[in-house]
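K.L.:
Okay, here's the structure, questions in a sec.
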Amino acid sequence: MTRAAKTATETSGDAVWTDRELSEVRARLHGETEELGAEVARAESQIASGDISDSAGDDQADAGAKTYEREREIALTLNARDLIAQNERAIARIDAGTYGVCESCHKPIGKERLQAFPRATLCVSCKQREERR
């Protein structure tokens, strides 16, 4: 374990992150990234195939429904790409030894929070402050 991760968890009163726990988090994030990558590829394929489908003869309701579904697929794809980027950033923080340290106040992020949401970059206090803005 890196010194930064050890220091962060010791001052928060949480149990220290072990190398095994960090490896498990890394593996979980990698797995989620692979699943999300497959979802993005599948959605992009569906979006592309929808672009070339013949809509001649569709009434306004059919055209509107197709447009809505296409926009929904695009939004879900963008969301999945954002989650992939967050996962990659969390993995980079693990590798750099800064995982578990709030990017705003530089205090430790609670272990329970990171177990529930391993992509967290802010402690609960800083996240609440951010959401109030």
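We label chains A, B, ... in the order they appear in the structure tokens, count residues from 1 in each chain, and number ligands from 1 in the order shown.
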Just the residues within 7 Å of region 66-81 of chain A, please, counting only C-alpha atoms, with nothing from its chain fewer than 2 positions along; format it as a PyMOL selection string.
P.N.:
chain A and resi 36+40+43+47+62-64+83-85
K.L.:
Out of A:Arg26, A:Thr121, A:Arg133, A:Glu35, which residue has the shortest atom-to-atom distance to Gln86 (chain A) when counting only C-alpha atoms?
P.N.:
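Among the listed residues, the smallest separation from Gln86 (chain A) belongs to A:Thr121.
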K.L.:
Taking the backbone alone, and naming residues the way the document does, which bits of region 54-112 of chain A are helix (DSSP H, G or I) by DSSP, as a PyMOL selection string?
P.N.:
chain A and resi 60-96+111-112
K.L.:
What lies within 9 Å of Val25 (chain A) using only C-alpha atoms, ignoring chain neighbours under 6 positions off, as a compact mmCIF listing (two decimals) with all heavy atoms, in the first residue's frame?
P.N.:
# COMPACT_ATOMS: atom_id res chain seq x y z
N ILE A 91 -8.89 4.10 -11.23
CA ILE A 91 -7.77 3.16 -11.36
C ILE A 91 -6.45 3.92 -11.35
O ILE A 91 -5.49 3.50 -10.69
CB ILE A 91 -7.93 2.29 -12.62
CG1 ILE A 91 -9.13 1.35 -12.46
CG2 ILE A 91 -6.65 1.52 -12.92
CD1 ILE A 91 -9.56 0.65 -13.74
N ILE A 94 -5.66 4.83 -7.84
CA ILE A 94 -5.14 3.68 -7.10
C ILE A 94 -3.67 3.51 -7.42
O ILE A 94 -2.82 3.35 -6.53
CB ILE A 94 -5.92 2.39 -7.44
CG1 ILE A 94 -7.35 2.46 -6.86
CG2 ILE A 94 -5.20 1.15 -6.91
CD1 ILE A 94 -8.27 1.34 -7.32
N GLN A 115 -16.42 1.84 -0.85
CA GLN A 115 -16.88 0.49 -1.13
C GLN A 115 -18.22 0.53 -1.86
O GLN A 115 -18.49 -0.28 -2.74
CB GLN A 115 -16.98 -0.32 0.16
CG GLN A 115 -15.63 -0.69 0.71
CD GLN A 115 -15.69 -1.29 2.11
OE1 GLN A 115 -16.60 -1.03 2.87
NE2 GLN A 115 -14.68 -2.10 2.42
N PRO A 118 -16.99 3.22 -5.71
CA PRO A 118 -15.53 3.26 -5.84
C PRO A 118 -14.98 4.38 -6.72
O PRO A 118 -13.79 4.64 -6.70
CB PRO A 118 -15.19 1.89 -6.42
CG PRO A 118 -16.44 1.38 -7.03
CD PRO A 118 -17.57 2.01 -6.28
K.L.:
Need the shell around Glu103 (chain A): protein/DNA/RNA residues with any atom at most 10 Å away, counting only C-alpha atoms. Skip same-chain ones fewer than 2 positions apart. Format as a list in words?
P.N.:
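Contacts, in chain order: Thr98, Tyr99, Gly100, Val101, Cys105, His106, Lys107, Pro108, Ile109, Ala120, Thr121, Leu122, Cys123 and Cys126 of chain A.
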K.L.:
So what do you get for CA of Ala116 (chain A) versus CA of Glu34 (chain A), distance-wise?
P.N.:
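Computing the Euclidean distance for CA of Ala116 (chain A) and CA of Glu34 (chain A) yields 19.3 Å.
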K.L.:
Between CA of Arg89 (chain A) and CA of Ala41 (chain A), what distance in Å does the model show, to one decimal?
P.N.:
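Rounded to one decimal, the two atoms are 20.6 Å apart.
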